[in-house]
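Have a look at the structure below before the remarks.
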Amino acid sequence: MFQTCKGVLVVLSFLIIAARCGLEIIPERTKVIYVNQKYFYNLSLEVKKYSRTSPYYYNLDMTTKQPWTNNVTLHISFNEYVQNEYRSSFIELHRKFCDLMKFDKFIGNMIKYFGIDCPLPAGTLRLINFTIILDKLPNVFPFRKCRVDCAVTSTATNESMAVLYTLATLRNSKRTG
């Protein structure tokens, strides 16, 4: 009887600890590989750290020539770091922009938090000093170090609009709320 209660307590304490942790993406560096001038005037993404103890911050600056609705598809894939190279993993996301905003509970809500909504009008978008914390998403990733590839394509023609990647570390973050 005592062993059963002890086992239940261990399982419950593990679930409470897991429920209090979310996923934090710590970017190390990022690179914009390709930008199609037909869709963007400019696109830049950089990672900065302002002091030794500060978190890493993203700075995004882009000017689009066309509004984004479901005419834009985002392709996000995680590549695991294994034996000094990045290998494809099973974690991928392929969504149209408005569908991502409307139906995705994790990434869509994070994008909405930054004030981006669907449709995204043509023009300049600047996000300065933002971090990516997916505190509602439990850290169930089977790896800690990865490359996150992001490709933006036109939905109708599958023409590439932009390609970029971020080298990152994934870790548990403590929820504050």
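Chain lettering (A, B, ...) mirrors the order of the structure tokens, residue numbering begins at 1 for each chain separately, and ligand numbering begins at 1 in order of display.
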Review point. Would you give me, as a PyMOL selection string, the residues in chain A that DSSP reads as helix (DSSP H, G or I)?
Key: chain A and resi 2-19+97-103+107-113
Closest atom pairs, range 58-99 of chain A residues within 12 Å of range 157-164 of chain A, only C-alpha atoms, as a tab-separated table:
residue	atom	partner	partner_atom	distance
A:Met62	CA	A:Ala162	CA	11.1
A:Thr64	CA	A:Met161	CA	10.3
A:Lys65	CA	A:Met161	CA	11.2
A:Gln66	CA	A:Met161	CA	11.3
A:Trp68	CA	A:Met161	CA	11.7
A:Asn71	CA	A:Thr157	CA	9.4
A:Val72	CA	A:Met161	CA	8.8
A:Thr73	CA	A:Asn158	CA	8.5
A:Leu74	CA	A:Ala162	CA	9.8
A:His75	CA	A:Val163	CA	9.5
A:Ile76	CA	A:Leu164	CA	9.9
A:Ser77	CA	A:Leu164	CA	11.1
A:Lys96	CA	A:Asn158	CA	11.6
Point to revise | Nearest residue to Cys98 in chain A from the set A:Ile116, A:Leu60, A:Leu23, A:Leu170 (distances using only C-alpha atoms) | key: A:Ile116
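In this structure, CA of Ile128 in chain A sits 12.4 Å away from CA of Lys49 in chain A.
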Review point. In terms of the shortest atom-to-atom distance over only C-alpha atoms, which of A:Asn129, A:Thr63, A:Ser89, A:Thr153 is closest to Glu46 in chain A?
Key: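 Once distances to Glu46 in chain A are computed over only C-alpha atoms, the minimum belongs to A:Asn129.
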